[in-house]
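Dropping start19.txt in here (compact mmCIF, C-alpha atoms and all ligand atoms):
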# COMPACT_ATOMS: atom_id res chain seq x y z
CA MET A 292 18.09 -225.59 -5.41
CA SER A 293 17.78 -222.89 -2.75
CA ALA A 294 18.09 -224.07 0.85
CA ASP A 295 15.06 -224.36 3.09
CA THR A 296 15.45 -221.22 5.21
CA SER A 297 12.58 -222.22 7.48
CA VAL A 298 14.94 -224.79 8.97
CA LEU A 299 17.36 -222.03 10.00
CA GLU A 300 14.40 -220.16 11.45
CA GLN A 301 13.57 -223.24 13.53
CA ILE A 302 17.19 -223.36 14.74
CA GLU A 303 17.01 -219.68 15.62
CA ARG A 304 13.84 -220.27 17.61
CA ALA A 305 15.46 -223.20 19.43
CA ARG A 306 18.55 -221.04 20.16
CA VAL A 307 20.59 -224.11 21.09
CA VAL A 308 21.85 -226.90 18.85
CA PRO A 309 22.72 -230.04 20.83
CA VAL A 310 25.75 -231.78 19.30
CA VAL A 311 25.15 -235.51 19.64
CA VAL A 312 27.55 -238.43 19.33
CA VAL A 313 25.77 -241.79 19.33
CA ASP A 314 26.89 -245.27 18.34
CA ASP A 315 23.61 -246.58 17.03
CA ALA A 316 19.96 -245.91 16.24
CA ARG A 317 18.76 -247.02 19.67
CA ASP A 318 20.86 -244.42 21.46
CA GLY A 319 19.90 -241.85 18.83
CA LEU A 320 16.24 -242.43 19.60
CA GLY A 321 16.88 -242.19 23.34
CA VAL A 322 18.69 -238.89 22.97
CA ALA A 323 16.09 -237.45 20.59
CA ALA A 324 13.27 -238.26 23.00
CA ALA A 325 15.23 -236.83 25.95
CA LEU A 326 15.90 -233.59 24.07
CA ARG A 327 12.26 -233.31 23.04
CA ASP A 328 11.15 -233.95 26.63
CA GLY A 329 13.49 -231.18 27.75
CA GLY A 330 11.79 -228.79 25.34
CA LEU A 331 14.51 -228.70 22.69
CA PRO A 332 13.39 -230.60 19.60
CA VAL A 333 16.70 -230.31 17.69
CA ALA A 334 19.60 -232.75 17.34
CA GLU A 335 22.81 -232.48 15.35
CA VAL A 336 23.99 -236.07 15.05
CA THR A 337 27.68 -236.06 14.21
CA PHE A 338 29.23 -238.24 11.54
CA ARG A 339 31.88 -239.43 13.97
CA THR A 340 30.54 -242.91 14.46
CA ALA A 341 29.60 -245.68 12.07
CA GLY A 342 26.04 -245.53 13.44
CA ALA A 343 25.41 -241.84 12.71
CA ALA A 344 23.41 -242.28 9.50
CA SER A 345 21.22 -245.01 10.98
CA ALA A 346 20.61 -242.84 14.06
CA ILE A 347 19.53 -239.93 11.83
CA GLU A 348 17.27 -242.23 9.85
CA ALA A 349 15.65 -243.62 13.00
CA ILE A 350 15.08 -240.17 14.50
CA ALA A 351 13.62 -238.80 11.25
CA ARG A 352 11.24 -241.76 11.06
CA GLU A 353 10.28 -242.30 14.69
CA VAL A 354 10.66 -238.90 16.37
CA PRO A 355 9.63 -236.58 13.52
CA GLU A 356 8.92 -233.71 15.92
CA VAL A 357 12.69 -233.42 16.41
CA LEU A 358 14.54 -231.44 13.76
CA VAL A 359 17.42 -233.77 12.99
CA GLY A 360 20.61 -232.69 11.26
CA ALA A 361 24.03 -234.13 10.59
CA GLY A 362 27.25 -232.75 12.04
CA THR A 363 30.94 -233.26 11.29
CA VAL A 364 30.05 -233.48 7.59
CA ILE A 365 33.40 -233.07 5.85
CA THR A 366 32.95 -234.69 2.42
CA ALA A 367 30.41 -234.36 -0.40
CA ALA A 368 29.75 -238.11 -0.06
CA GLN A 369 28.75 -237.56 3.58
CA VAL A 370 26.38 -234.79 2.45
CA ASP A 371 24.65 -237.34 0.20
CA GLU A 372 24.58 -239.94 2.96
CA ALA A 373 23.22 -237.49 5.53
CA VAL A 374 20.50 -236.19 3.22
CA ARG A 375 19.55 -239.73 2.23
CA ALA A 376 19.21 -240.59 5.92
CA GLY A 377 16.84 -237.65 6.43
CA ALA A 378 19.08 -234.87 7.78
CA ARG A 379 17.24 -231.54 7.56
CA PHE A 380 20.38 -229.46 8.10
CA LEU A 381 24.11 -230.03 7.89
CA VAL A 382 26.99 -228.76 10.00
CA SER A 383 30.70 -228.95 9.26
CA PRO A 384 33.71 -228.08 11.41
CA GLY A 385 35.27 -226.20 8.48
CA LEU A 386 34.48 -224.70 5.12
CA SER A 387 34.77 -226.83 1.99
CA ALA A 388 33.27 -225.39 -1.19
CA ASP A 389 32.59 -228.94 -2.44
CA VAL A 390 30.63 -229.78 0.68
CA VAL A 391 28.68 -226.50 0.64
CA ARG A 392 27.81 -226.81 -3.05
CA ARG A 393 26.64 -230.40 -2.65
CA ALA A 394 24.39 -229.33 0.24
CA GLN A 395 23.04 -226.51 -1.92
CA GLU A 396 22.33 -228.97 -4.75
CA HIS A 397 20.18 -230.89 -2.29
CA GLY A 398 18.52 -227.70 -1.03
CA VAL A 399 19.54 -228.53 2.53
CA PRO A 400 20.87 -225.70 4.72
CA ILE A 401 24.48 -226.03 5.79
CA LEU A 402 26.40 -224.27 8.56
CA PRO A 403 30.08 -224.61 7.66
CA GLY A 404 32.68 -223.88 10.31
CA VAL A 405 34.60 -220.61 10.17
CA ALA A 406 37.48 -219.46 12.34
CA THR A 407 38.88 -216.50 10.39
CA PRO A 408 37.66 -213.50 8.34
CA SER A 409 38.91 -215.29 5.20
CA ASP A 410 36.66 -218.25 5.99
CA ILE A 411 33.73 -215.87 6.37
CA ILE A 412 34.46 -214.25 3.01
CA ALA A 413 34.61 -217.71 1.43
CA ALA A 414 31.21 -218.53 2.98
CA LEU A 415 29.73 -215.27 1.66
CA ASP A 416 31.13 -216.10 -1.81
CA LEU A 417 29.16 -219.34 -1.64
CA GLY A 418 25.98 -217.42 -0.89
CA LEU A 419 25.82 -218.22 2.82
CA THR A 420 24.98 -215.77 5.57
CA ALA A 421 24.88 -218.18 8.53
CA VAL A 422 27.95 -220.06 9.69
CA LYS A 423 29.22 -222.09 12.63
CA LEU A 424 32.02 -220.39 14.58
CA PHE A 425 34.37 -223.20 15.54
CA PRO A 426 36.01 -223.81 17.93
CA ALA A 427 34.33 -220.80 19.49
CA ASN A 428 36.17 -220.93 22.82
CA VAL A 429 39.57 -221.21 21.14
CA VAL A 430 38.88 -218.57 18.48
CA GLY A 431 38.16 -216.03 21.23
CA GLY A 432 34.68 -216.68 22.61
CA PRO A 433 32.02 -213.94 22.62
CA ALA A 434 34.71 -211.30 22.00
CA ALA A 435 35.56 -213.03 18.70
CA VAL A 436 31.90 -213.02 17.66
CA LYS A 437 31.75 -209.28 18.31
CA ALA A 438 35.00 -208.64 16.45
CA PHE A 439 33.88 -210.70 13.43
CA SER A 440 30.50 -208.98 13.38
CA ALA A 441 32.02 -205.53 12.79
CA PRO A 442 33.25 -206.17 9.21
CA PHE A 443 30.47 -208.73 8.49
CA PRO A 444 27.27 -207.18 9.87
CA GLY A 445 24.99 -209.44 7.83
CA VAL A 446 26.48 -212.71 9.05
CA ARG A 447 24.81 -214.83 11.75
CA PHE A 448 26.97 -217.13 13.85
CA VAL A 449 26.39 -220.43 15.60
CA PRO A 450 29.29 -220.52 18.09
CA THR A 451 30.20 -224.08 19.00
CA GLY A 452 33.08 -225.54 20.98
CA GLY A 453 33.37 -225.01 24.72
CA VAL A 454 29.82 -223.70 25.10
CA SER A 455 28.10 -224.71 28.35
CA ALA A 456 25.34 -223.57 30.70
CA ALA A 457 27.96 -221.29 32.29
CA ASN A 458 28.64 -219.21 29.17
CA LEU A 459 25.58 -219.84 26.99
CA LEU A 460 24.04 -216.44 27.67
CA ASP A 461 27.31 -214.63 26.90
CA TYR A 462 26.87 -215.91 23.34
CA LEU A 463 23.09 -215.78 23.00
CA SER A 464 22.95 -212.16 24.13
CA LEU A 465 24.87 -211.09 21.03
CA PRO A 466 22.53 -210.05 18.18
CA SER A 467 24.68 -211.74 15.53
CA VAL A 468 24.34 -215.09 17.27
CA LEU A 469 21.66 -217.21 15.62
CA ALA A 470 22.03 -220.07 18.10
CA ALA A 471 24.79 -221.76 20.08
CA GLY A 472 25.87 -225.36 19.62
CA GLY A 473 27.31 -227.77 22.10
CA SER A 474 27.52 -231.23 23.55
CA TRP A 475 27.21 -230.42 27.24
CA MET A 476 23.58 -231.53 27.48
CA VAL A 477 24.27 -234.79 25.73
CA ASP A 478 27.63 -235.71 27.19
CA ARG A 479 28.80 -239.02 25.78
CA SER A 480 29.03 -240.62 29.21
CA LEU A 481 25.33 -239.83 29.78
CA VAL A 482 24.42 -241.38 26.44
CA ARG A 483 26.48 -244.50 27.15
CA ALA A 484 24.85 -244.82 30.57
CA GLY A 485 21.38 -244.27 29.06
CA ASP A 486 20.85 -241.44 31.56
CA TRP A 487 18.00 -239.81 29.62
CA THR A 488 16.76 -238.12 32.79
CA GLU A 489 19.97 -236.13 33.20
CA ILE A 490 20.01 -235.26 29.48
CA THR A 491 16.46 -233.96 29.80
CA ARG A 492 17.38 -232.01 32.94
CA ARG A 493 20.37 -230.31 31.29
CA THR A 494 18.28 -229.64 28.21
CA ARG A 495 15.52 -228.01 30.22
CA GLU A 496 18.12 -225.90 32.02
CA ALA A 497 19.50 -224.68 28.66
CA VAL A 498 16.00 -223.94 27.37
CA GLU A 499 15.14 -221.97 30.51
CA LEU A 500 18.40 -220.02 30.31
CA ALA A 501 17.72 -219.07 26.69
CA ALA A 502 14.13 -218.13 27.55
CA SER A 503 15.29 -215.91 30.42
CA LEU A 504 17.19 -213.86 27.90
CA SER A 505 14.23 -213.30 25.60
CA THR A 506 12.15 -212.21 28.60
CA VAL A 507 14.81 -209.64 29.53
CA THR A 508 15.10 -208.45 25.91
CA GLU A 509 11.34 -208.16 25.49
CA GLY A 510 11.00 -206.36 28.81
CA ALA A 511 13.83 -203.90 28.03
C1 LIG H 1 31.37 -229.83 17.60
O1 LIG H 1 31.69 -230.69 16.85
O2 LIG H 1 30.60 -228.95 17.26
C2 LIG H 1 32.02 -229.79 18.95
O3 LIG H 1 32.63 -230.99 19.25
C3 LIG H 1 31.10 -229.44 20.05
O4 LIG H 1 31.89 -228.81 20.96
P1 LIG H 1 31.73 -229.10 22.51
O5 LIG H 1 31.88 -230.60 22.68
O6 LIG H 1 32.86 -228.33 23.17
O7 LIG H 1 30.38 -228.63 22.93
Written form, structure tokens:
Amino acid sequence: MSADTSVLEQIERARVVPVVVVDDARDGLGVAAALRDGGLPVAEVTFRTAGAASAIEAIAREVPEVLVGAGTVITAAQVDEAVRAGARFLVSPGLSADVVRRAQEHGVPILPGVATPSDIIAALDLGLTAVKLFPANVVGGPAAVKAFSAPFPGVRFVPTGGVSAANLLDYLSLPSVLAAGGSWMVDRSLVRAGDWTEITRRTREAVELAASLSTVTEGA
């Protein structure tokens, strides 16, 4: 089954993919509403907690205006679990052909992590043209995106790892960057404290930053 490319278009429009770690459905719903209120209706809920699948399920059911995906998907079984829960896209820290093929069987877009040219070639072999660059700050930051784009002009990157309000535009200003991912808006301490106001504030700040760039580009 071919993947739903409109989901990647939605991610491109959002420009930022919040990486969320929540323990349960209640916190998942709180975060989803805070992101939506901040103007960013996207959430990548990572499979790093036992409550991830139930949080995805709750968001898909109760906050359907938020595009919910699953992150840290590292096995084919997790692909099944994430899709069953309602994940509309999948993200992985690395590239596993098994994981990518299972996602493709479900017709759900997947952004596997790449950190080297060989990883990118493996992703292209699997028919993908959009990948997560991870960990972006360690791999070389915006300079790495530029260097990787030279031999792979058709590939779009979602740099993730060490992205924050301070360097967001350095990534988003690169044409090969589809969107940037990160957890800074949804810091775990904010989630644990239920500080939805601060999550919404940081989200709005990220949205405004991204919008400032499109204004500059359009005006250029
Ligand atoms: C991820 O899994 O994508 C990263 O943990 C997010 O990186 P960050 O916490 O540095 O934003």
Seminar exercise, completed: The distance between CA of Thr337 in chain A and CA of Val310 in chain A is 6.9 Å
Problem set entry | Expected residue set, 10 Å radius at (25.2, -240.4, 7.9), all atoms listed in the file, as a list in words |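 Using all atoms listed in the file, the matching residues come out as Val336, Thr337, Phe338, Arg339, Thr340, Ala341, Gly342, Ala343, Ala344, Ser345, Ala346, Ile347, Glu348, Gly360, Ala361, Gly362, Thr363, Val364, Ala368, Gln369, Val370, Asp371, Glu372, Ala373, Val374, Arg375, Ala376, Gly377 and Ala378 of chain A.
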For this session: Return as a list in words the residues of protein, DNA or RNA that approach ligand LIG 1 (chain H) to within 6 Å, with all atoms listed in the file taken into account.
Result: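 For ligand LIG 1 (chain H), the residues inside 6 Å are Val310, Thr451, Gly452, Gly453, Val454, Gly473, Ser474 and Trp475 of chain A.
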Exercise. So which residues are close to (14.0, -217.4, 26.5), meaning at most 12 Å away in the file's coordinates with only C-alpha atoms counted, and can you show them as number ranges by chain?
Worked result: A: 303-307, 330-331, 459-460, 463-464, 470, 495-510
Problem set entry | Residue with smallest distance to Gly432 in chain A - pool A:Ala316, A:Val468, A:Ile302, A:Val391, counting all atoms listed in the file |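 When distances to Gly432 in chain A are compared using all atoms listed in the file, the smallest one comes from A:Val468.
When CA of His397 in chain A is paired with CA of Pro384 in chain A, their separation reads 19.5 Å.
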For this session: Rank A:Leu419, A:Val359, A:Ala367, A:Leu402 by their smallest atom-to-atom distance to Val382 in chain A, using all atoms listed in the file, and report the top residue only.
Result: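 With all atoms listed in the file as the atom set, the closest residue is A:Leu402.
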